[in-house]
>>> print(open('coords-v6.cif').read())   # mmCIF, C-alpha atoms
data_target
#
loop_
_atom_site.label_atom_id
_atom_site.label_comp_id
_atom_site.auth_asym_id
_atom_site.auth_seq_id
_atom_site.Cartn_x
_atom_site.Cartn_y
_atom_site.Cartn_z
CA MET I 44 21.30 29.06 -12.74
CA PRO I 45 18.14 31.16 -12.26
CA THR I 46 15.25 29.08 -11.10
CA ASP I 47 12.84 30.85 -13.48
CA ARG I 48 14.18 28.65 -16.27
CA PHE I 49 12.27 25.76 -14.79
CA PRO I 50 8.50 25.22 -14.91
CA ARG I 51 6.88 26.17 -11.65
CA ASN I 52 5.44 23.39 -9.55
CA PRO I 53 1.64 23.58 -9.50
CA VAL I 54 1.51 22.79 -5.77
CA PRO I 55 0.13 25.73 -3.73
CA PRO I 56 2.72 27.57 -1.59
CA ALA I 57 1.16 26.39 1.68
CA ALA I 58 1.69 22.78 0.65
CA GLU I 59 5.28 23.17 -0.56
CA ALA I 60 6.64 22.82 2.97
CA ARG I 61 5.95 19.10 2.70
CA ARG I 62 7.41 17.10 -0.14
CA HIS I 63 4.48 14.90 -1.06
CA ASP I 64 6.41 13.39 -3.97
CA ILE I 65 9.04 12.01 -1.58
CA ASP I 66 6.32 10.57 0.65
CA ALA I 67 4.62 8.98 -2.35
CA LEU I 68 7.84 7.57 -3.83
CA ARG I 69 8.74 6.07 -0.49
CA ALA I 70 5.37 4.28 -0.23
CA LEU I 71 5.49 3.07 -3.83
CA ALA I 72 9.11 1.90 -3.47
CA PHE I 73 8.23 -0.31 -0.51
CA LEU I 74 5.15 -1.65 -2.28
CA LEU I 75 7.54 -2.65 -5.06
CA VAL I 76 9.71 -4.41 -2.47
CA ILE I 77 6.74 -6.59 -1.53
CA VAL I 78 6.09 -7.56 -5.17
CA TYR I 79 9.81 -8.23 -5.63
CA HIS I 80 9.96 -10.58 -2.66
CA VAL I 81 6.92 -12.52 -3.87
CA ALA I 82 8.69 -12.92 -7.20
CA MET I 83 11.83 -14.19 -5.42
CA TYR I 84 9.90 -17.40 -4.71
CA TYR I 85 9.48 -17.93 -8.46
CA VAL I 86 12.73 -16.78 -10.08
CA ALA I 87 14.86 -19.74 -11.10
CA ASP I 88 18.42 -20.27 -9.81
CA TRP I 89 18.27 -17.38 -7.31
CA PRO I 90 18.61 -18.46 -3.67
CA TRP I 91 15.76 -17.55 -1.34
CA HIS I 92 14.16 -19.05 1.76
CA LEU I 93 11.78 -21.22 -0.28
CA LYS I 94 11.61 -21.98 -4.00
CA SER I 95 8.58 -22.81 -6.10
CA PRO I 96 8.34 -25.83 -8.40
CA HIS I 97 7.08 -23.27 -10.92
CA ALA I 98 10.36 -21.29 -10.84
CA ALA I 99 10.93 -19.55 -14.18
CA GLU I 100 14.15 -18.47 -15.87
CA TRP I 101 12.44 -15.64 -17.77
CA LEU I 102 12.01 -13.78 -14.47
CA GLN I 103 15.76 -13.38 -14.05
CA TRP I 104 16.27 -10.37 -16.30
CA PRO I 105 13.27 -8.33 -15.09
CA MET I 106 14.31 -9.03 -11.51
CA ARG I 107 17.95 -8.21 -12.23
CA LEU I 108 17.09 -4.88 -13.86
CA LEU I 109 14.77 -3.97 -11.00
CA ASN I 110 17.36 -5.02 -8.45
CA LEU I 111 19.91 -2.59 -9.88
CA TRP I 112 18.04 0.46 -8.55
CA ARG I 113 15.19 -0.45 -6.18
CA MET I 114 17.11 -0.22 -2.89
CA ASP I 115 19.28 2.60 -4.21
CA LEU I 116 16.11 4.68 -4.60
CA VAL I 117 15.10 3.82 -1.04
CA PHE I 118 18.48 4.87 0.39
CA LEU I 119 18.48 8.10 -1.61
CA ILE I 120 15.04 8.98 -0.25
CA SER I 121 16.34 8.17 3.24
CA GLY I 122 19.14 10.67 2.66
CA VAL I 123 16.62 13.33 1.64
CA SER I 124 14.76 12.71 4.89
CA LEU I 125 17.94 13.11 6.93
CA ALA I 126 18.64 16.42 5.19
CA PHE I 127 15.31 17.79 6.42
CA LEU I 128 15.68 16.33 9.90
CA SER I 129 19.22 17.63 10.39
CA ARG I 130 18.10 21.20 9.76
CA HIS I 131 16.36 21.16 13.15
CA GLN I 132 18.31 18.51 15.11
CA GLY I 133 21.89 18.11 16.20
CA THR I 134 24.03 14.99 16.38
CA ALA I 135 22.75 13.74 19.75
CA ALA I 136 19.08 14.21 18.84
CA LEU I 137 19.51 12.48 15.48
CA LEU I 138 21.30 9.51 17.02
CA ARG I 139 18.76 9.18 19.81
CA GLY I 140 15.69 9.55 17.59
CA ARG I 141 16.91 7.39 14.71
CA GLY I 142 18.30 4.78 17.11
CA LEU I 143 14.89 4.38 18.72
CA ARG I 144 13.05 4.28 15.40
CA LEU I 145 15.43 1.82 13.75
CA MET I 146 17.18 -0.37 16.31
CA LEU I 147 14.22 -1.13 18.61
CA PRO I 148 12.13 -2.47 15.67
CA LEU I 149 15.20 -4.38 14.47
CA ALA I 150 15.59 -6.15 17.83
CA PHE I 151 11.85 -6.87 18.03
CA GLY I 152 11.75 -8.03 14.42
CA MET I 153 14.67 -10.43 14.87
CA ALA I 154 13.02 -11.95 17.94
CA VAL I 155 9.37 -12.04 16.85
CA VAL I 156 8.78 -11.26 13.16
CA VAL I 157 11.67 -12.94 11.35
CA PRO I 158 12.05 -16.36 13.05
CA TYR I 159 9.32 -18.10 11.05
CA GLN I 160 11.24 -17.36 7.85
CA ALA I 161 14.34 -19.09 9.23
CA TYR I 162 12.23 -21.99 10.51
CA ALA I 163 10.48 -22.55 7.18
CA GLU I 164 13.78 -22.39 5.30
CA GLY I 165 15.45 -24.84 7.69
CA VAL I 166 12.58 -27.32 7.44
CA ALA I 167 12.59 -27.05 3.64
CA HIS I 168 16.33 -27.84 3.62
CA GLY I 169 15.78 -30.82 5.90
CA LEU I 170 18.16 -29.36 8.49
CA VAL I 171 15.60 -28.23 11.07
CA ALA I 172 13.06 -30.56 12.67
CA PRO I 173 9.38 -29.62 12.28
CA GLY I 174 7.94 -27.83 15.29
CA PHE I 175 8.08 -24.03 15.48
CA GLY I 176 7.97 -23.94 19.29
CA ALA I 177 11.04 -26.17 19.58
CA PHE I 178 12.77 -24.05 16.94
CA LEU I 179 12.13 -20.85 18.90
CA ALA I 180 13.39 -22.43 22.13
CA ARG I 181 16.70 -23.03 20.39
CA TYR I 182 16.76 -19.92 18.18
CA LEU I 183 16.13 -17.17 20.73
CA PRO I 184 18.76 -18.16 23.34
CA MET I 185 21.33 -18.87 20.56
CA SER I 186 22.56 -21.65 22.83
CA GLN I 187 23.40 -24.28 20.18
CA PRO I 188 24.97 -23.94 16.71
CA TRP I 189 22.79 -24.65 13.70
CA PRO I 190 23.77 -27.04 10.90
CA LYS I 191 25.68 -25.25 8.17
CA GLY I 192 23.29 -23.78 5.63
CA ALA I 193 20.19 -24.44 7.71
CA PHE I 194 18.91 -20.94 6.96
CA ALA I 195 20.27 -17.57 5.88
CA GLY I 196 22.34 -16.30 8.79
CA ALA I 197 22.51 -19.65 10.56
CA GLU I 198 26.23 -19.16 11.17
CA PHE I 199 25.37 -16.27 13.50
CA GLY I 200 22.69 -18.24 15.34
CA ILE I 201 20.08 -15.55 14.70
CA THR I 202 19.19 -13.56 11.59
CA TRP I 203 17.64 -10.26 10.52
CA ASN I 204 16.79 -11.48 6.98
CA HIS I 205 14.92 -8.73 5.10
CA LEU I 206 15.34 -6.30 8.02
CA TRP I 207 18.99 -5.73 7.01
CA TYR I 208 17.95 -2.29 5.73
CA LEU I 209 17.45 -1.03 9.29
CA PRO I 210 21.04 -1.46 10.59
CA TYR I 211 22.47 -0.24 7.28
CA LEU I 212 20.32 2.88 7.46
CA PHE I 213 21.25 3.52 11.09
CA VAL I 214 24.97 3.24 10.32
CA TYR I 215 24.69 5.68 7.40
CA THR I 216 22.59 8.08 9.47
CA ALA I 217 25.08 7.90 12.34
CA ALA I 218 28.00 8.52 9.97
CA VAL I 219 26.43 11.72 8.69
CA ALA I 220 25.16 12.80 12.13
CA LEU I 221 28.62 12.39 13.68
CA SER I 222 30.18 14.40 10.87
CA LEU I 223 27.63 17.24 10.82
CA PRO I 224 30.33 19.86 11.57
CA LEU I 225 32.13 18.72 8.41
CA TRP I 226 29.02 18.94 6.24
CA ARG I 227 28.16 22.35 7.67
CA SER I 228 31.70 23.69 7.13
CA GLY I 229 32.78 25.74 4.14
CA PRO I 230 34.20 22.77 2.18
CA GLY I 231 31.19 20.63 3.03
CA GLN I 232 28.78 23.29 1.81
CA ALA I 233 30.89 23.80 -1.31
CA LEU I 234 30.62 20.08 -2.11
CA ARG I 235 26.86 20.21 -1.62
CA ARG I 236 26.56 23.28 -3.86
CA ALA I 237 28.71 21.64 -6.53
CA PHE I 238 26.46 18.57 -6.61
CA ASN I 239 23.24 20.57 -6.57
CA GLY I 240 24.62 22.86 -9.27
CA LEU I 241 24.84 20.04 -11.82
CA ARG I 242 22.64 20.71 -14.82
CA GLY I 243 21.74 18.99 -18.07
CA GLY I 244 23.83 16.04 -19.12
CA TRP I 245 26.27 16.57 -16.26
CA LEU I 246 23.51 15.73 -13.79
CA LEU I 247 22.72 12.51 -15.66
CA LEU I 248 26.34 11.41 -16.08
CA LEU I 249 28.66 12.59 -13.30
CA PRO I 250 26.84 11.02 -10.29
CA ALA I 251 27.12 7.63 -12.02
CA LEU I 252 30.92 7.76 -12.20
CA PRO I 253 31.65 7.01 -8.50
CA LEU I 254 29.11 4.20 -8.67
CA ALA I 255 30.89 2.78 -11.73
CA ALA I 256 34.26 2.98 -9.98
CA PHE I 257 32.97 1.15 -6.92
CA THR I 258 31.30 -1.48 -9.11
CA LEU I 259 34.48 -2.10 -11.07
CA LEU I 260 36.82 -2.17 -8.08
CA LEU I 261 34.70 -3.89 -5.41
CA ALA I 262 31.90 -5.94 -6.98
CA PRO I 263 34.14 -8.76 -8.31
CA HIS I 264 35.75 -9.27 -4.91
CA TYR I 265 32.93 -8.56 -2.44
CA PRO I 266 29.57 -10.08 -3.39
CA PRO I 267 26.58 -8.78 -1.41
CA THR I 268 26.16 -10.35 2.03
CA HIS I 269 23.73 -8.04 3.89
CA ASP I 270 25.58 -8.90 7.10
CA LEU I 271 26.69 -5.25 7.66
CA VAL I 272 30.34 -6.04 8.41
CA ARG I 273 31.51 -7.89 5.29
CA ASP I 274 29.64 -5.92 2.64
CA PRO I 275 31.98 -3.21 1.26
CA PHE I 276 30.54 -3.17 -2.25
CA LEU I 277 26.95 -2.59 -1.20
CA HIS I 278 28.06 -0.05 1.40
CA SER I 279 29.96 1.92 -1.25
CA ILE I 280 26.88 2.12 -3.49
CA TYR I 281 24.19 2.62 -0.87
CA PHE I 282 26.10 5.18 1.18
CA THR I 283 26.96 7.15 -1.96
CA VAL I 284 23.34 7.48 -3.06
CA PHE I 285 22.38 8.18 0.57
CA LEU I 286 24.79 11.14 0.48
CA TYR I 287 23.32 12.25 -2.84
CA GLY I 288 19.91 12.42 -1.19
CA TYR I 289 21.34 14.22 1.84
CA TRP I 290 22.98 16.82 -0.38
CA MET I 291 19.86 17.29 -2.51
CA GLY I 292 17.54 17.80 0.46
CA ALA I 293 15.34 20.82 -0.10
CA ASP I 294 17.43 22.38 -2.87
CA SER I 295 14.75 23.47 -5.31
CA GLY I 296 17.12 23.88 -8.25
CA ILE I 297 18.22 20.27 -8.59
CA TRP I 298 14.69 18.95 -8.12
CA ARG I 299 13.35 21.26 -10.83
CA GLU I 300 16.19 20.18 -13.10
CA LEU I 301 15.40 16.51 -12.53
CA GLU I 302 11.80 17.31 -13.40
CA ARG I 303 12.88 19.15 -16.55
CA LEU I 304 15.11 16.24 -17.62
CA ARG I 305 12.62 13.50 -16.78
CA ARG I 306 11.98 12.49 -20.42
CA VAL I 307 15.65 12.69 -21.35
CA SER I 308 16.64 10.58 -18.36
CA LEU I 309 13.96 8.02 -19.26
CA ALA I 310 15.17 7.76 -22.85
CA LEU I 311 18.77 7.46 -21.66
CA ALA I 312 17.85 4.79 -19.11
CA VAL I 313 16.08 2.73 -21.80
CA ALA I 314 19.03 3.06 -24.20
CA VAL I 315 21.58 2.19 -21.52
CA VAL I 316 19.68 -0.81 -20.21
CA GLY I 317 19.36 -2.12 -23.78
CA ALA I 318 23.11 -1.81 -24.19
CA TYR I 319 23.68 -3.46 -20.82
CA ILE I 320 21.47 -6.46 -21.70
CA ALA I 321 23.24 -6.81 -25.05
CA ALA I 322 26.65 -6.65 -23.37
CA ARG I 323 25.70 -9.29 -20.82
CA THR I 324 24.07 -11.67 -23.34
CA LEU I 325 25.22 -11.21 -26.94
CA GLY I 326 28.60 -9.88 -25.88
CA ALA I 327 29.13 -12.17 -22.90
CA GLY I 328 32.83 -12.69 -22.30
CA ARG I 329 33.84 -10.17 -24.98
CA VAL I 330 32.72 -6.85 -23.47
CA PRO I 331 35.32 -5.44 -21.02
CA ASP I 332 34.37 -5.29 -17.34
CA GLU I 333 34.86 -1.53 -17.39
CA VAL I 334 32.11 -1.15 -19.99
CA ASN I 335 29.71 -3.34 -18.03
CA ALA I 336 30.40 -1.39 -14.83
CA VAL I 337 29.73 1.95 -16.55
CA LEU I 338 26.53 0.71 -18.21
CA ARG I 339 25.24 -0.82 -15.00
CA SER I 340 25.92 2.32 -12.97
CA LEU I 341 24.60 4.69 -15.60
CA TYR I 342 21.39 2.68 -15.80
CA LEU I 343 21.10 2.75 -11.99
CA TRP I 344 21.45 6.53 -11.81
CA THR I 345 19.31 7.42 -14.84
CA ALA I 346 16.54 5.10 -13.62
CA VAL I 347 16.59 6.78 -10.19
CA ALA I 348 16.76 10.24 -11.79
CA THR I 349 13.76 9.36 -13.98
CA LEU I 350 11.69 8.29 -10.98
CA LEU I 351 12.66 11.40 -9.01
CA GLY I 352 11.90 13.71 -11.93
CA HIS I 353 8.54 12.17 -12.80
CA GLY I 354 7.69 11.94 -9.10
CA HIS I 355 8.41 15.63 -8.58
CA ARG I 356 6.26 16.46 -11.60
CA HIS I 357 3.27 14.21 -10.96
CA LEU I 358 3.24 13.16 -7.29
CA ASN I 359 3.94 16.38 -5.40
CA ARG I 360 0.41 16.92 -4.15
CA PRO I 361 -1.48 15.90 -0.98
CA TRP I 362 -2.95 12.60 -2.18
CA PRO I 363 -5.77 11.35 0.08
CA TRP I 364 -3.94 8.07 0.71
CA LEU I 365 -0.58 9.59 1.64
CA ARG I 366 -1.14 10.13 5.35
CA TRP I 367 -2.29 6.54 5.79
CA ALA I 368 0.64 5.28 3.71
CA ASN I 369 3.17 7.26 5.77
CA ALA I 370 1.82 5.69 8.96
CA SER I 371 1.72 2.20 7.44
CA VAL I 372 4.88 1.72 5.38
CA TYR I 373 7.14 0.83 8.31
CA PRO I 374 4.91 -1.93 9.78
CA TRP I 375 4.22 -3.25 6.26
CA TYR I 376 7.93 -3.42 5.57
CA MET I 377 8.58 -5.34 8.78
CA LEU I 378 5.71 -7.79 8.29
CA HIS I 379 5.58 -8.51 4.59
CA GLN I 380 8.25 -11.17 4.05
CA THR I 381 7.13 -13.33 6.97
CA LEU I 382 3.58 -13.10 5.65
CA ILE I 383 4.82 -14.14 2.20
CA VAL I 384 6.47 -17.24 3.67
CA LEU I 385 3.33 -18.04 5.69
CA ALA I 386 1.17 -17.66 2.56
CA ILE I 387 3.50 -19.99 0.65
CA ALA I 388 3.31 -22.61 3.41
CA TRP I 389 -0.48 -22.39 3.27
CA LEU I 390 -0.98 -22.26 -0.51
CA ALA I 391 1.85 -24.32 -2.00
CA PRO I 392 0.35 -27.70 -0.97
CA LEU I 393 -2.82 -26.81 -2.91
CA ALA I 394 -0.87 -26.87 -6.24
CA LEU I 395 -2.81 -23.94 -7.70
CA GLY I 396 -0.41 -23.34 -10.59
CA PRO I 397 1.93 -20.54 -11.68
CA VAL I 398 -0.78 -17.89 -12.17
CA LEU I 399 -3.37 -18.25 -9.42
CA GLU I 400 -0.84 -19.17 -6.71
CA PRO I 401 1.36 -16.02 -6.93
CA ALA I 402 -1.74 -13.84 -7.23
CA LEU I 403 -3.14 -15.33 -4.02
CA ILE I 404 0.23 -15.10 -2.23
CA LEU I 405 0.44 -11.40 -3.07
CA ALA I 406 -3.19 -10.82 -2.06
CA ALA I 407 -2.72 -12.68 1.23
CA THR I 408 0.43 -10.69 1.99
CA LEU I 409 -1.17 -7.33 1.27
CA GLY I 410 -4.32 -8.27 3.18
CA GLY I 411 -2.32 -9.55 6.15
CA CYS I 412 -0.22 -6.38 6.28
CA TRP I 413 -3.34 -4.22 6.14
CA LEU I 414 -5.20 -6.21 8.79
CA LEU I 415 -2.32 -6.44 11.28
CA ASN I 416 -1.35 -2.80 10.81
CA ASP I 417 -4.75 -1.11 10.83
CA ALA I 418 -6.56 -3.40 13.25
CA LEU I 419 -3.75 -4.06 15.71
CA ILE I 420 -0.39 -2.28 15.49
CA ARG I 421 -1.65 1.28 15.01
CA ARG I 422 -4.31 0.83 17.69
CA VAL I 423 -2.17 -0.68 20.48
CA ARG I 424 0.00 2.00 22.03
CA TRP I 425 2.80 -0.24 23.32
CA LEU I 426 3.08 -2.04 19.97
CA ARG I 427 3.60 1.12 17.95
CA PRO I 428 7.27 1.79 18.89
CA LEU I 429 8.12 -1.86 18.19
CA PHE I 430 7.14 -1.19 14.58
CA GLY I 431 8.85 2.18 14.31
CA LEU I 432 5.82 4.34 15.09
CA PRO I 433 5.49 7.00 17.80
CA MET I 434 3.58 6.02 20.92
CA HIS I 435 0.63 8.23 19.97
CA GLU I 436 -0.99 8.67 16.56
CA LYS I 437 -0.36 12.17 15.29
CA GLN I 438 -3.49 14.08 14.41
CA ALA I 439 -1.90 16.48 11.93
CA PRO I 440 0.80 15.86 9.31
CA GLN I 441 4.30 17.05 10.15
CA ARG I 442 6.00 19.75 8.13
CA ALA I 443 9.17 17.83 7.29
CA PRO I 444 8.90 15.07 4.69
CA ALA I 445 8.45 11.56 6.01
CA ALA I 446 10.94 10.08 3.56
CA ALA I 447 12.10 6.49 3.91
CA LEU I 448 11.82 4.63 7.18
CA THR I 449 13.85 7.24 9.04
CA ALA I 450 10.79 9.48 9.23
CA ALA I 451 8.08 6.83 9.56
CA ARG I 452 5.28 7.94 11.84
#
>>> encode(input="coords-v6.cif", output="structure tokens")
Amino acid sequence: MPTDRFPRNPVPPAAEARRHDIDALRALAFLLVIVYHVAMYYVADWPWHLKSPHAAEWLQWPMRLLNLWRMDLVFLISGVSLAFLSRHQGTAALLRGRGLRLMLPLAFGMAVVVPYQAYAEGVAHGLVAPGFGAFLARYLPMSQPWPKGAFAGAEFGITWNHLWYLPYLFVYTAAVALSLPLWRSGPGQALRRAFNGLRGGWLLLLPALPLAAFTLLLAPHYPPTHDLVRDPFLHSIYFTVFLYGYWMGADSGIWRELERLRRVSLALAVAVVGAYIAARTLGAGRVPDEVNAVLRSLYLWTAVATLLGHGHRHLNRPWPWLRWANASVYPWYMLHQTLIVLAIAWLAPLALGPVLEPALILAATLGGCWLLNDALIRRVRWLRPLFGLPMHEKQAPQRAPAAALTAAR
């Protein structure tokens, strides 16, 4: 379809080499992750490391609807980043570069950043004795088994908790990198062209069908585990949207079409989510599983399409805060959940109530991330790679988009 059917992006040609909307969506998506994890302390009947006495049932539906697309958006953006990176790098370079940026922070995070979360959870369950030093002396060597259910991941002796995204992303990146000859072959390019050639309603409907099939076939049998090995349902969804992002890459046609359809996709997402809520509440037990799977998956895809379309329309410009956000999102992601747990341990005994307390927990988390990142991590050269940053601060923005954590600088 001729591209002149679509409204031209107002971004000057010199700036089009960098996709500022992808950078901005990445930063906003991870800010949303922080808010989501603060809310996990307050949502009733959902397991988390700690639970508030102010836990509320009304939070369940907003959290559930957000949970249906928040990480899917992140993985799709990660796929877009890989598409740009793979234009200039081969398999070995991608594996080496992404391995360093993802697996080194994962190892450091599991040893240094994450342990306090496991300790606080174990103490709250009454299965770990107070004393963080003694906990670390047992946790790091993995020399003794933990009581069953002491903390999330206790059966493995050590946990990555919220850092599960890093190994998942590395596995998906490695899968595509190792199969680059396939994706660059005639059939691989034909598949990419077929996806990027979707227009109108086909673009809003067809990508949801594989997601619906996976949801129907796998979700009832394989609940999410985030342990990498026993997680086929989440892998099927996340890797699929990761491939969607990889295929989309820099194809201007599909991005302009998402921008053109942004209001239609929003209206469809609202209608579908209304039907999904009705099916899960008013029609509970009477609506077939196939219908629920289709509604859930269609909502996921139309919500993501809406964010991509509106982002391409409104965010594709060099915002003054973007360069700082690109250099900060990775450390903030690594730090935020431990800081949330620390803030809870500090504030919960004060009994500040269900309004002031979460506001202060969020403020303390954001302030702690900002202080540790800007005052310490970005300034200490040997710390930077441990948080996914290059050894030296770059003085000029790169040309390829820094989308998702795979391109964090």
>>> closest_residue(input="coords-v6.cif", among="I:Ala348, I:Thr134, I:Ser186, I:Tyr376", to="Trp207 in chain I", atoms="all atoms listed in the file")
I:Tyr376
>>> resolve_selection(input="coords-v6.cif", expression="the PyMOL selection byres ((chain I and resi 205) around 12)", output="JSON, numbers by chain")
{"I": [76, 77, 79, 80, 91, 92, 114, 149, 152, 153, 156, 157, 158, 160, 161, 195, 196, 202, 203, 204, 206, 207, 208, 209, 210, 211, 268, 269, 270, 376, 377, 378, 379, 380, 381, 383]}
>>> resolve_selection(input="coords-v6.cif", expression="the PyMOL selection byres ((chain I and resi 404) around 8)", output="MDAnalysis selection string")
chainID I and resid 81 383 386:387 390 400:403 405:408
>>> resolve_selection(input="coords-v6.cif", expression="the PyMOL selection byres ((chain I and resi 148) around 10)", output="list in words")
Gly142, Leu143, Arg144, Leu145, Met146, Leu147, Leu149, Ala150, Phe151, Gly152, Met153, Ala154, Val156, Leu206, Leu209, Tyr373, Pro374, Met377, Arg427, Pro428, Leu429, Phe430, Gly431 and Leu432 of chain I
>>> closest_residue(input="coords-v6.cif", among="I:Trp189, I:Trp226, I:Tyr287, I:Trp425", to="Ser129 in chain I", atoms="all atoms listed in the file")
I:Trp226
>>> closest_residue(input="coords-v6.cif", among="I:Leu350, I:Ala197, I:Leu221, I:Leu385", to="Met185 in chain I", atoms="all atoms listed in the file")
I:Ala197
>>> atom_distance(input="coords-v6.cif", atom1="CA of Ala310 in chain I", atom2="CA of Thr345 in chain I")
9.0 Å
>>> atom_distance(input="coords-v6.cif", atom1="CA of Gly296 in chain I", atom2="CA of Phe73 in chain I")
26.9 Å
>>> atom_distance(input="coords-v6.cif", atom1="CA of Phe194 in chain I", atom2="CA of Ile420 in chain I")
28.2 Å
>>> closest_residue(input="coords-v6.cif", among="I:Ala336, I:Leu309, I:Val272, I:Ala391", to="Leu260 in chain I", atoms="only C-alpha atoms")
I:Ala336
>>> residues_around(input="coords-v6.cif", residues="Trp413 in chain I", least_positions_apart="4", cutoff="9 Å", atoms="only C-alpha atoms", output="tab-separated table (two decimals) with C-alpha atoms, in the coordinates of the input")
chain	number	residue	atom	x	y	z
I	371	SER	CA	1.72	2.20	7.44
I	375	TRP	CA	4.22	-3.25	6.26
I	408	THR	CA	0.43	-10.69	1.99
I	409	LEU	CA	-1.17	-7.33	1.27
I	417	ASP	CA	-4.75	-1.11	10.83
I	418	ALA	CA	-6.56	-3.40	13.25
